[in-house]
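Okay, model01.txt now, which holds compact mmCIF, C-alpha atoms:
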# COMPACT_ATOMS: atom_id res chain seq x y z
CA MET A 28 2.12 -5.81 -42.00
CA ASP A 29 3.88 -7.41 -44.99
CA SER A 30 3.06 -10.93 -46.06
CA LEU A 31 6.26 -12.55 -44.72
CA ILE A 32 5.80 -11.05 -41.26
CA SER A 33 2.16 -12.13 -41.27
CA ALA A 34 3.07 -15.68 -42.31
CA ALA A 35 5.77 -15.91 -39.63
CA ALA A 36 3.35 -14.68 -37.00
CA ARG A 37 0.79 -17.33 -37.98
CA ALA A 38 3.45 -20.04 -37.80
CA LEU A 39 4.52 -18.95 -34.31
CA ALA A 40 0.91 -18.91 -33.15
CA ILE A 41 0.74 -22.68 -33.70
CA GLY A 42 4.26 -23.34 -32.39
CA ASP A 43 5.93 -23.83 -35.77
CA ALA A 44 9.21 -22.06 -35.02
CA LEU A 45 11.09 -23.49 -38.01
CA GLY A 46 8.30 -22.46 -40.35
CA ALA A 47 8.44 -18.93 -38.95
CA LEU A 48 12.19 -18.73 -39.44
CA GLN A 49 11.85 -19.70 -43.08
CA HIS A 50 9.98 -16.44 -43.60
CA VAL A 51 12.16 -14.03 -41.59
CA ALA A 52 15.54 -15.68 -40.97
CA LEU A 53 17.47 -13.29 -43.22
CA ARG A 54 15.66 -10.09 -42.27
CA GLU A 55 17.04 -7.50 -39.85
CA ASP A 56 14.11 -5.09 -39.48
CA PRO A 57 12.66 -4.79 -35.94
CA PRO A 58 9.44 -6.79 -36.53
CA ALA A 59 11.45 -9.63 -38.08
CA LEU A 60 14.01 -9.54 -35.25
CA ALA A 61 11.21 -9.81 -32.71
CA LEU A 62 9.67 -12.78 -34.52
CA ARG A 63 13.07 -14.43 -34.83
CA GLY A 64 13.58 -13.94 -31.10
CA ILE A 65 10.28 -15.62 -30.30
CA ALA A 66 11.09 -18.47 -32.69
CA MET A 67 14.50 -19.03 -31.09
CA ALA A 68 12.85 -19.09 -27.66
CA GLN A 69 10.48 -21.77 -28.92
CA LEU A 70 13.52 -23.77 -30.00
CA GLY A 71 15.13 -23.40 -26.58
CA GLU A 72 17.88 -20.98 -27.68
CA HIS A 73 17.12 -18.55 -24.88
CA GLY A 74 20.35 -16.56 -24.93
CA LEU A 75 20.06 -15.89 -28.66
CA ALA A 76 16.35 -15.12 -28.25
CA ARG A 77 17.04 -12.44 -25.65
CA GLY A 78 19.64 -10.80 -27.86
CA LEU A 79 17.25 -10.67 -30.81
CA LEU A 80 14.42 -9.27 -28.70
CA ARG A 81 16.69 -6.56 -27.30
CA ARG A 82 17.79 -5.58 -30.79
CA ALA A 83 14.16 -5.44 -31.88
CA ALA A 84 13.22 -3.25 -28.91
CA ARG A 85 16.07 -0.83 -29.72
CA GLY A 86 15.12 -0.80 -33.39
CA PHE A 87 11.57 0.38 -32.87
CA GLY A 88 11.34 4.16 -33.01
CA ALA A 89 10.10 6.59 -30.38
CA ARG A 90 6.59 6.38 -31.78
CA GLU A 91 6.52 2.59 -31.48
CA GLU A 92 6.47 2.27 -27.71
CA LEU A 93 3.75 -0.39 -27.90
CA ALA A 94 5.98 -2.65 -30.01
CA ARG A 95 8.87 -2.06 -27.63
CA ALA A 96 6.67 -2.95 -24.65
CA ARG A 97 5.74 -6.24 -26.27
CA CYS A 98 9.41 -7.03 -26.80
CA ILE A 99 10.14 -6.29 -23.13
CA VAL A 100 7.39 -8.68 -22.03
CA ALA A 101 8.75 -11.36 -24.37
CA GLU A 102 12.28 -10.94 -23.03
CA ALA A 103 11.02 -11.11 -19.44
CA GLU A 104 9.44 -14.45 -20.23
CA VAL A 105 12.64 -15.77 -21.79
CA ALA A 106 14.54 -14.62 -18.69
CA LEU A 107 12.22 -16.78 -16.58
CA ALA A 108 12.98 -19.76 -18.80
CA GLU A 109 16.67 -19.18 -18.05
CA ARG A 110 15.86 -18.81 -14.32
CA ASP A 111 17.38 -15.33 -14.43
CA PHE A 112 15.71 -13.45 -11.57
CA ALA A 113 18.30 -10.69 -11.29
CA GLY A 114 16.51 -8.15 -13.46
CA SER A 115 14.56 -5.27 -11.94
CA PRO A 116 10.76 -5.51 -12.22
CA ARG A 117 10.64 -1.87 -13.27
CA ALA A 118 11.01 -2.61 -17.00
CA LEU A 119 8.16 -5.14 -16.95
CA ASN A 120 5.96 -2.79 -14.89
CA SER A 121 6.64 0.04 -17.32
CA ALA A 122 5.81 -2.21 -20.27
CA LEU A 123 2.58 -3.24 -18.54
CA ALA A 124 1.61 0.41 -18.08
CA THR A 125 2.29 1.08 -21.78
CA LEU A 126 0.22 -1.90 -22.88
CA GLU A 127 -2.70 -0.79 -20.73
CA ALA A 128 -2.44 2.80 -21.99
CA HIS A 129 -2.76 1.50 -25.55
CA ALA A 130 -5.66 -0.80 -24.59
CA ASP A 131 -3.60 -3.86 -25.54
CA HIS A 132 -5.46 -5.96 -23.01
CA ALA A 133 -4.21 -9.36 -24.19
CA ASN A 134 -0.55 -8.42 -23.86
CA ALA A 135 -1.19 -6.58 -20.59
CA SER A 136 -2.62 -9.84 -19.24
CA GLN A 137 0.44 -11.57 -20.67
CA ALA A 138 2.70 -9.25 -18.68
CA ARG A 139 0.77 -9.99 -15.49
CA LEU A 140 1.08 -13.72 -16.12
CA VAL A 141 4.84 -13.35 -16.51
CA ALA A 142 5.02 -11.39 -13.25
CA ALA A 143 2.83 -13.95 -11.44
CA ARG A 144 4.93 -16.82 -12.71
CA LYS A 145 8.10 -15.15 -11.50
CA LEU A 146 6.61 -14.72 -8.03
CA LEU A 147 5.56 -18.37 -8.02
CA LEU A 148 9.04 -19.51 -9.04
CA LEU A 149 10.49 -17.39 -6.22
CA GLY A 150 8.20 -19.10 -3.70
CA GLN A 151 6.19 -15.91 -3.06
CA LEU A 152 2.83 -17.64 -3.24
CA GLN A 153 0.67 -14.94 -1.67
CA GLN A 154 2.03 -12.25 -3.98
CA ALA A 155 1.57 -14.54 -6.99
CA GLY A 156 -2.07 -15.04 -6.04
CA ALA A 157 -2.59 -11.30 -5.73
CA MET A 158 -1.12 -10.76 -9.21
CA LEU A 159 -3.37 -13.46 -10.70
CA ALA A 160 -6.38 -11.79 -9.10
CA LEU A 161 -5.73 -8.73 -11.28
CA LEU A 162 -6.37 -10.71 -14.47
CA PRO A 163 -9.79 -10.25 -16.10
CA ALA A 164 -12.31 -12.89 -15.10
CA ASP A 165 -13.12 -13.63 -18.75
CA GLY A 166 -12.11 -12.54 -22.20
CA LEU A 167 -8.53 -13.86 -22.09
CA PRO A 168 -7.28 -15.52 -25.28
CA PRO A 169 -7.44 -19.32 -24.85
CA PRO A 170 -3.66 -19.86 -24.41
CA LEU A 171 -3.46 -17.20 -21.71
CA ALA A 172 -6.63 -18.48 -20.04
CA ALA A 173 -5.12 -21.99 -19.91
CA LEU A 174 -1.88 -20.76 -18.38
CA ALA A 175 -3.65 -18.56 -15.85
CA ALA A 176 -5.72 -21.58 -14.79
CA LEU A 177 -2.57 -23.71 -14.44
CA LEU A 178 -0.99 -21.10 -12.18
CA LYS A 179 -4.19 -20.94 -10.13
CA ALA A 180 -4.26 -24.74 -9.83
CA GLU A 181 -0.72 -24.82 -8.49
CA LEU A 182 -1.44 -22.14 -5.90
CA ASP A 183 -4.55 -24.05 -4.79
CA LEU A 184 -2.62 -27.30 -4.47
CA ARG A 185 0.08 -25.67 -2.36
CA SER A 186 -2.68 -24.44 0.00
CA TRP A 187 -4.59 -27.76 0.16
CA ARG A 188 -7.56 -26.30 -1.77
CA ILE A 189 -8.00 -29.49 -3.77
CA PRO A 190 -11.57 -28.96 -5.13
CA ALA A 191 -10.54 -25.49 -6.32
CA ALA A 192 -7.43 -27.00 -7.94
CA ARG A 193 -9.54 -29.59 -9.77
CA THR A 194 -11.79 -26.82 -11.06
CA ALA A 195 -8.78 -24.81 -12.22
CA PHE A 196 -7.32 -27.85 -14.01
CA ALA A 197 -10.66 -28.42 -15.77
CA GLN A 198 -10.67 -24.78 -16.88
CA ALA A 199 -7.10 -25.12 -18.11
CA ARG A 200 -7.96 -28.25 -20.09
CA GLU A 201 -10.96 -26.59 -21.73
CA ALA A 202 -9.02 -23.43 -22.61
CA ALA A 203 -6.09 -25.45 -23.98
CA ALA A 204 -8.47 -27.42 -26.19
CA ARG A 205 -9.94 -24.14 -27.52
CA SER A 206 -6.44 -22.85 -28.27
CA GLY A 207 -5.75 -25.75 -30.62
CA ILE A 208 -2.14 -25.89 -29.36
CA ALA A 209 -1.22 -29.52 -28.80
CA ALA A 210 1.80 -28.68 -26.63
CA LEU A 211 -0.36 -26.68 -24.25
CA SER A 212 -2.90 -29.48 -23.92
CA ALA A 213 -0.06 -31.89 -23.16
CA GLU A 214 1.26 -29.47 -20.53
CA VAL A 215 -2.12 -29.39 -18.79
CA GLU A 216 -2.47 -33.17 -18.83
CA GLU A 217 1.03 -33.61 -17.40
CA ALA A 218 0.31 -31.13 -14.61
CA ARG A 219 -2.97 -32.86 -13.72
CA THR A 220 -1.21 -36.13 -12.92
CA VAL A 221 -0.13 -34.70 -9.57
CA LEU A 222 -3.71 -35.25 -8.39
CA GLU A 223 -3.36 -39.01 -8.86
CA HIS A 224 0.19 -39.54 -7.62
CA PRO A 225 0.81 -40.63 -4.00
CA ALA A 226 1.43 -37.54 -1.86
CA ALA A 227 2.01 -39.28 1.49
CA ARG A 228 1.81 -42.58 3.34
CA ARG A 229 -0.40 -43.18 6.33
CA LEU A 230 1.44 -45.30 8.91
CA ALA A 231 -0.64 -47.36 11.31
CA PRO A 232 -0.33 -50.52 13.43
CA TRP A 233 -2.14 -52.45 10.69
CA GLY A 234 0.32 -51.35 7.99
CA GLU A 235 0.64 -48.38 5.66
CA GLN A 236 -1.56 -46.82 3.01
CA ALA A 237 -0.59 -44.58 0.06
CA LEU A 238 -2.67 -41.40 -0.05
CA ARG A 239 -3.40 -38.98 -2.87
CA ILE A 240 -3.15 -35.26 -2.23
CA ASP A 241 -6.94 -34.90 -1.89
CA GLU A 242 -6.97 -37.64 0.76
CA VAL A 243 -4.15 -35.90 2.65
CA ALA A 244 -6.02 -32.60 2.48
CA ALA A 245 -9.18 -34.27 3.80
CA LEU A 246 -7.30 -35.62 6.81
CA HIS A 247 -5.83 -32.18 7.54
CA ALA A 248 -9.31 -30.66 7.37
CA SER A 249 -10.81 -33.30 9.68
CA ASP A 250 -10.91 -33.38 13.47
CA ALA A 251 -8.19 -36.05 13.55
CA LEU A 252 -4.88 -35.32 15.25
CA VAL A 253 -2.42 -35.41 12.35
CA ILE A 254 1.34 -35.76 12.88
CA ASP A 255 2.66 -34.92 9.41
CA ALA A 256 6.25 -35.86 8.58
CA CYS A 257 5.86 -34.35 5.10
CA ARG A 258 5.44 -30.81 6.41
CA HIS A 259 6.72 -31.42 9.95
CA SER A 260 3.53 -30.26 11.62
CA LEU A 261 1.10 -31.27 14.32
CA GLY A 262 -2.55 -30.35 14.62
CA ALA A 263 -6.22 -30.95 13.89
CA GLY A 264 -8.28 -28.94 11.43
CA ALA A 265 -7.40 -25.26 11.56
CA ALA A 266 -5.44 -25.72 14.81
CA ARG A 267 -2.05 -26.58 13.37
CA GLN A 268 1.48 -26.05 14.66
CA SER A 269 4.51 -26.07 12.38
CA LEU A 270 7.47 -27.87 13.95
CA ALA A 271 9.76 -27.51 10.94
CA ARG A 272 12.14 -25.34 12.95
CA ARG A 273 11.75 -27.38 16.13
CA PRO A 274 13.15 -30.77 15.10
CA VAL A 275 13.46 -32.16 18.63
CA LEU A 276 9.77 -31.58 19.36
CA PHE A 277 8.78 -33.09 16.03
CA ALA A 278 10.98 -36.15 16.59
CA LEU A 279 9.29 -36.72 19.96
CA ALA A 280 5.79 -36.25 18.50
CA GLN A 281 6.58 -38.62 15.63
CA ALA A 282 7.97 -41.30 17.95
CA LEU A 283 4.97 -41.09 20.30
CA ALA A 284 2.54 -41.24 17.35
CA ALA A 285 4.32 -44.25 15.85
CA ALA A 286 3.95 -46.19 19.12
CA TRP A 287 0.33 -45.18 19.77
CA PRO A 288 -1.69 -46.48 21.60
CA GLY A 289 1.36 -47.82 23.44
CA ASP A 290 4.05 -45.82 25.19
CA VAL A 291 7.70 -45.13 24.31
CA THR A 292 10.54 -45.65 26.75
CA ARG A 293 12.59 -42.69 27.87
CA GLU A 294 15.71 -44.26 26.41
CA ALA A 295 14.09 -44.64 22.99
CA LEU A 296 12.86 -41.04 23.03
CA ILE A 297 16.29 -39.75 24.01
CA GLU A 298 17.96 -41.75 21.24
CA ARG A 299 15.42 -40.50 18.67
CA ALA A 300 15.40 -36.84 19.70
CA PHE A 301 19.00 -36.30 20.82
CA ARG A 302 20.74 -38.93 18.67
CA THR A 303 22.61 -40.63 21.49
CA ARG A 304 22.62 -44.21 22.73
CA ALA A 305 24.36 -43.43 25.99
CA PRO A 306 21.92 -41.18 27.89
CA ASP A 307 22.87 -39.59 31.18
CA GLU A 308 21.00 -37.45 33.68
CA THR A 309 21.41 -34.32 31.54
CA HIS A 310 19.62 -36.04 28.66
CA ARG A 311 16.82 -37.19 30.95
CA ALA A 312 16.43 -33.67 32.32
CA ARG A 313 16.35 -32.23 28.82
CA LEU A 314 13.76 -34.82 27.80
CA ARG A 315 11.47 -33.67 30.60
CA VAL A 316 11.85 -30.07 29.41
CA GLU A 317 11.10 -30.91 25.77
CA ILE A 318 8.12 -33.10 26.71
CA GLY A 319 6.78 -30.14 28.67
CA ARG A 320 7.10 -27.93 25.60
CA LEU A 321 5.38 -30.52 23.43
CA ARG A 322 2.54 -30.79 25.97
CA ALA A 323 2.03 -27.03 25.76
CA LEU A 324 1.87 -27.11 21.94
CA ALA A 325 -0.55 -30.04 21.90
CA LYS A 326 -2.83 -28.62 24.62
CA GLY A 327 -6.47 -29.16 23.73
CA LEU A 328 -5.55 -31.73 21.10
CA ALA A 329 -3.72 -34.42 23.07
CA ARG A 330 -2.21 -35.28 26.43
CA ILE A 331 1.24 -36.70 26.97
CA ASP A 332 1.14 -38.83 30.10
CA ALA A 333 4.08 -40.32 31.93
CA THR A 334 4.22 -44.11 32.29
CA PRO A 335 6.58 -46.25 34.37
CA GLN A 336 8.80 -46.74 31.31
CA GLY A 337 8.36 -43.47 29.44
CA PHE A 338 5.52 -41.45 27.89
CA VAL A 339 2.32 -42.08 25.95
CA LEU A 340 0.35 -39.84 23.59
CA LYS A 341 -3.41 -39.70 24.21
CA PRO A 342 -5.57 -37.69 21.77
CA GLU A 343 -8.27 -35.61 23.48
CA ASP A 344 -12.01 -36.05 22.95
CA GLY A 345 -11.66 -39.40 21.23
CA ARG A 346 -9.80 -37.93 18.27
CA GLU A 347 -8.37 -40.27 15.68
CA LEU A 348 -4.58 -40.21 15.48
CA VAL A 349 -3.01 -40.10 12.01
CA LEU A 350 0.72 -40.36 11.31
CA LEU A 351 1.78 -39.29 7.81
CA ALA A 352 5.14 -39.98 6.17
CA PRO A 353 6.59 -39.01 2.77
CA PRO A 354 5.40 -41.18 -0.14
CA ILE A 355 8.69 -43.11 -0.22
CA ASP A 356 11.34 -43.85 2.40
CA GLY A 357 14.69 -42.09 2.56
CA ASP A 358 16.26 -38.80 3.55
CA GLN A 359 15.77 -37.31 0.08
CA SER A 360 12.07 -38.08 0.23
CA GLU A 361 11.72 -36.14 3.48
CA LEU A 362 13.67 -33.26 1.95
CA LEU A 363 11.38 -33.20 -1.09
CA ALA A 364 8.33 -33.32 1.16
CA LEU A 365 9.47 -30.21 3.02
CA LEU A 366 10.03 -28.34 -0.24
CA ALA A 367 6.62 -29.36 -1.59
CA ASP A 368 4.91 -26.41 0.10
CA GLY A 369 6.31 -24.16 -2.62
CA ALA A 370 8.10 -21.81 -0.21
CA ALA A 371 11.80 -20.95 -0.47
CA TRP A 372 14.02 -22.70 2.11
CA SER A 373 17.61 -21.96 3.08
CA THR A 374 20.03 -24.85 3.48
CA SER A 375 20.37 -24.10 7.19
CA ALA A 376 16.58 -24.20 7.71
CA LEU A 377 16.34 -27.54 5.89
CA ALA A 378 19.20 -28.94 7.96
CA LEU A 379 17.50 -27.79 11.15
CA ALA A 380 14.17 -29.34 10.18
CA LEU A 381 15.77 -32.64 9.19
CA GLY A 382 18.13 -32.76 12.13
CA ALA A 383 21.06 -33.22 9.75
CA SER A 384 24.26 -31.34 9.03
CA GLN A 385 24.24 -28.60 6.41
CA ARG A 386 26.87 -30.51 4.46
CA THR A 387 24.64 -33.59 4.31
CA VAL A 388 21.71 -31.50 3.11
CA GLN A 389 23.89 -29.71 0.54
CA ARG A 390 24.98 -33.04 -0.94
CA ALA A 391 21.38 -34.25 -1.14
CA LEU A 392 20.26 -30.99 -2.75
CA ALA A 393 23.05 -31.19 -5.33
CA GLU A 394 21.94 -34.70 -6.29
CA LEU A 395 18.29 -33.66 -6.52
CA GLU A 396 19.15 -30.57 -8.55
CA ALA A 397 21.06 -32.70 -11.05
CA GLN A 398 17.90 -34.79 -11.39
CA ARG A 399 15.83 -31.58 -11.81
CA ARG A 400 13.75 -32.47 -8.75
CA VAL A 401 14.63 -29.24 -6.90
CA ARG A 402 15.83 -25.81 -8.00
CA SER A 403 17.75 -23.00 -6.38
CA ILE A 404 17.60 -19.22 -6.53
CA GLY A 405 20.25 -16.77 -5.37
CA ARG A 406 23.86 -17.41 -4.50
CA ALA A 407 25.94 -17.98 -1.36
CA ARG A 408 24.12 -16.72 1.76
CA THR A 409 21.05 -15.67 -0.22
CA GLN A 410 20.62 -19.07 -1.89
CA ARG A 411 17.22 -20.65 -1.38
CA TRP A 412 15.79 -24.00 -2.46
CA LEU A 413 12.36 -24.79 -3.88
CA ALA A 414 10.50 -27.63 -5.50
CA PRO A 415 10.03 -27.33 -9.28
CA PRO A 416 6.66 -25.95 -10.34
CA LEU A 417 3.97 -28.57 -10.82
CA ALA A 418 3.63 -27.53 -14.45
CA GLY A 419 6.50 -26.62 -16.73
CA PHE A 420 4.59 -23.71 -18.30
CA THR A 421 6.01 -24.11 -21.77
CA THR A 422 7.92 -20.94 -22.50
CA ILE A 423 6.83 -20.59 -26.11
CA LEU A 424 3.21 -20.36 -25.01
CA LEU A 425 3.85 -17.46 -22.67
CA LEU A 426 5.44 -15.21 -25.28
CA PRO A 427 3.19 -12.37 -26.47
CA ALA A 428 1.89 -11.73 -29.95
CA PRO A 429 4.48 -10.46 -32.45
CA PRO A 430 5.21 -6.77 -31.86
CA ALA A 431 4.24 -5.80 -35.39
CA MET A 432 0.67 -6.97 -34.85
CA GLY A 433 -0.76 -3.78 -33.44

Please rewrite the model in this file as structure tokens.
Amino acid sequence: MDSLISAAARALAIGDALGALQHVALREDPPALALRGIAMAQLGEHGLARGLLRRAARGFGAREELARARCIVAEAEVALAERDFAGSPRALNSALATLEAHADHANASQARLVAARKLLLLGQLQQAGAMLALLPADGLPPPLAALAALLKAELDLRSWRIPAARTAFAQAREAAARSGIAALSAEVEEARTVLEHPAARRLAPWGEQALRIDEVAALHASDALVIDACRHSLGAGAARQSLARRPVLFALAQALAAAWPGDVTREALIERAFRTRAPDETHRARLRVEIGRLRALAKGLARIDATPQGFVLKPEDGRELVLLAPPIDGDQSELLALLADGAAWSTSALALALGASQRTVQRALAELEAQRRVRSIGRARTQRWLAPPLAGFTTILLLPAPPAMG
């Protein structure tokens, strides 16, 4: 490796993109093109970076398949930064196979991290976890170890595994410190703040209480009957029913929980569940049907008894009743709470869960997307909505080592 390429590679390793460009900005040979591509990605010029990396990959000869594979991994990472999910995974899988065949373990792990991050961004949490499980348990370079731990922490948080998430964040912090990359350490610290932010509010007759995510997880793991307006669910411990696609049943459960230990009149339940202030006999008949369905779902956890005025919710076996709401009031807050599980939602599914029109939900999503509080994938009928990842995963830190460093 010539001295200018070596100097540029060292500059990129510490995130000094401008310093790297001073060494290779005027060069057109494949190693220099690859380094220029990585530098431009660090500077946020993703379109230019992809063009340079493609030119570098084409410039390497038939005997330089390892260098080409590294360029492919780098371009795949830049594509993620652009939220371009249209590319086939075949190129990345082929590059991964080449890296493993040449025993380039660090860059093979890099390729797996890119693939896992893509799955996470697409809301495919189980597949992302399976990809992370293929990474070596130890021996990763510190920057890759930190990013792998950040991905693991996010997956744990989405699944309410809060102690595991804390452990993963601690591992990420330690690995970032070993890397000596200030931007990576800042990324880890920013991601960790989610543990201290309010994740929900507990509503009770005596008032309301802001809860952190670990406190919410503890309630879900307890024997208490939890009516959760963040995830639109009902249950206790492992016995949990999602009502996200059954908005009428959730509206009834939420209204009964809010009035507990008192009852709710039939008129109030009809207005809440069916959105009408002029009930007739058809509404009363439908209410009886829906209450019957809710009784069946809550069997073993709670009874729903009729009273002279309406209905009352009575937890079984002396269970505590907990009603959770999003951390702040408002329709957008409830929308964000639904997206917080990391899964991909269609506009129609969100509208159904919220009991709102698709047009109303579309307007709210457009506002949240402009604020970078939600993101979308796909177009038209295939469009899906997700919450942004808990960590930004700085793109420059996911790019592999310069291709010339074999």

**Asked** Mind pulling up the distance from CA of Asn134 (chain A) to CA of Gly64 (chain A)?
**Response** 16.8 Å

**Request:** For region 275-285 of chain A, work out the shell of residues within 10 Å, counting all atoms listed in the file and skipping chain neighbours fewer than 3 positions away, then give it as a PyMOL selection string.
**Result:** chain A and resi 230-232+252-256+259-261+269-272+288-292+295-297+299-302+314+317-322+324-325+331+338-342+348-352+379-382

**Asked** Which protein, DNA or RNA residues are at most 12 Å from (-7.6, -34.9, -0.3) in the file's coordinates when you count all atoms listed in the file, listed as JSON, numbers by chain?
**Response** {"A": [184, 186, 187, 188, 189, 190, 191, 192, 193, 221, 222, 223, 224, 225, 226, 227, 237, 238, 239, 240, 241, 242, 243, 244, 245, 246, 247, 248, 249]}

Please, could you write that set of residues out with C-alpha atoms as a tab-separated table (two decimals), in the coordinates of the input?
chain	number	residue	atom	x	y	z
A	184	LEU	CA	-2.62	-27.30	-4.47
A	186	SER	CA	-2.68	-24.44	0.00
A	187	TRP	CA	-4.59	-27.76	0.16
A	188	ARG	CA	-7.56	-26.30	-1.77
A	189	ILE	CA	-8.00	-29.49	-3.77
A	190	PRO	CA	-11.57	-28.96	-5.13
A	191	ALA	CA	-10.54	-25.49	-6.32
A	192	ALA	CA	-7.43	-27.00	-7.94
A	193	ARG	CA	-9.54	-29.59	-9.77
A	221	VAL	CA	-0.13	-34.70	-9.57
A	222	LEU	CA	-3.71	-35.25	-8.39
A	223	GLU	CA	-3.36	-39.01	-8.86
A	224	HIS	CA	0.19	-39.54	-7.62
A	225	PRO	CA	0.81	-40.63	-4.00
A	226	ALA	CA	1.43	-37.54	-1.86
A	227	ALA	CA	2.01	-39.28	1.49
A	237	ALA	CA	-0.59	-44.58	0.06
A	238	LEU	CA	-2.67	-41.40	-0.05
A	239	ARG	CA	-3.40	-38.98	-2.87
A	240	ILE	CA	-3.15	-35.26	-2.23
A	241	ASP	CA	-6.94	-34.90	-1.89
A	242	GLU	CA	-6.97	-37.64	0.76
A	243	VAL	CA	-4.15	-35.90	2.65
A	244	ALA	CA	-6.02	-32.60	2.48
A	245	ALA	CA	-9.18	-34.27	3.80
A	246	LEU	CA	-7.30	-35.62	6.81
A	247	HIS	CA	-5.83	-32.18	7.54
A	248	ALA	CA	-9.31	-30.66	7.37
A	249	SER	CA	-10.81	-33.30	9.68

**Request:** State, in Å with one decimal place, the distance from CA of Ala83 (chain A) to CA of Val100 (chain A).
**Result:** 12.4 Å

**Request:** Would you list the contacts of Arg219 (chain A) as a list in words, taking every protein, DNA or RNA residue within 10 Å and counting all atoms listed in the file, but skipping same-chain residues closer than 2 positions in sequence?
**Result:** Leu177, Ala180, Glu181, Ala192, Arg193, Phe196, Ala197, Ala199, Arg200, Ala213, Glu214, Val215, Glu216, Glu217, Val221, Leu222, Glu223, His224, Leu417 and Ala418 of chain A

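Atom to atom, CA of Gly86 (chain A) and CA of Ala113 (chain A) stand 24.4 Å apart.
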
**Prompt:** Out of A:Glu92, A:Ala143, A:Leu328, A:Ser206, which residue has the shortest atom-to-atom distance to Gly264 (chain A) when counting all atoms listed in the file?
**Reply:**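 Checking each candidate against Gly264 (chain A), we get A:Leu328 as the closest.
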
**Prompt:** List as a ChimeraX atom specification: which residues have an atom within 12 Å of (19.8, -11.7, -2.3), counting all atoms listed in the file?
**Reply:** /A:112-113,149,373,404-411

Expected file: the selected residues, C-alpha atoms, as a CSV table (one decimal), in the coordinates of the input:
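Okay, this is what ended up in selection.csv:
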chain,number,residue,atom,x,y,z
A,112,PHE,CA,15.7,-13.4,-11.6
A,113,ALA,CA,18.3,-10.7,-11.3
A,149,LEU,CA,10.5,-17.4,-6.2
A,373,SER,CA,17.6,-22.0,3.1
A,404,ILE,CA,17.6,-19.2,-6.5
A,405,GLY,CA,20.2,-16.8,-5.4
A,406,ARG,CA,23.9,-17.4,-4.5
A,407,ALA,CA,25.9,-18.0,-1.4
A,408,ARG,CA,24.1,-16.7,1.8
A,409,THR,CA,21.0,-15.7,-0.2
A,410,GLN,CA,20.6,-19.1,-1.9
A,411,ARG,CA,17.2,-20.6,-1.4

**Fill in**
Counting all atoms listed in the file, closest pick from A:Ala378, A:Gly71, A:Arg205, A:Trp287 relative to Arg273 (chain A) is A:Ala378

**Message:** Give me the residues near Leu107 (chain A) as a list in words, where near means some atom within 9 Å (using all atoms listed in the file) and where sequence neighbours in that chain fewer than 6 positions away do not count.
**Reply:**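 These residues fall inside the cut-off: Val141, Arg144, Lys145, Leu148 and Thr422 of chain A.
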
**Item:** Nearest to Arg311 (chain A), chosen from A:Ala61, A:Gly337, A:Asp250, A:Leu39, with all atoms listed in the file counted in the distances
**Value:**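 Going through A:Ala61, A:Gly337, A:Asp250, A:Leu39 one by one, the smallest distance to Arg311 (chain A) is for A:Gly337.
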
**Request:** Compile the contact shell of Thr374 (chain A) as a PyMOL selection string: residues with an atom at most 9 Å away, counting all atoms listed in the file, same-chain residues fewer than 6 positions apart removed.
**Result:** chain A and resi 385-386+388-389+392+410-412

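Nearest to Ser360 (chain A) of all the residues A:Ala376, A:Leu167, A:Ala286, A:Cys257 is A:Cys257, based on all atoms listed in the file.
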
**Prompt:** Hey, which of A:Ile65, A:Leu365, A:Glu396, A:Pro354 ends up closest to Glu104 (chain A)? Count all atoms listed in the file.
**Reply:** A:Ile65

**Asked** Of the candidates A:Met67, A:Leu413, A:Ala36, A:Cys98, which shows the shortest atom-to-atom distance to Ala367 (chain A), using only C-alpha atoms?
**Response**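 Ranked by minimum distance to Ala367 (chain A), first place goes to A:Leu413.
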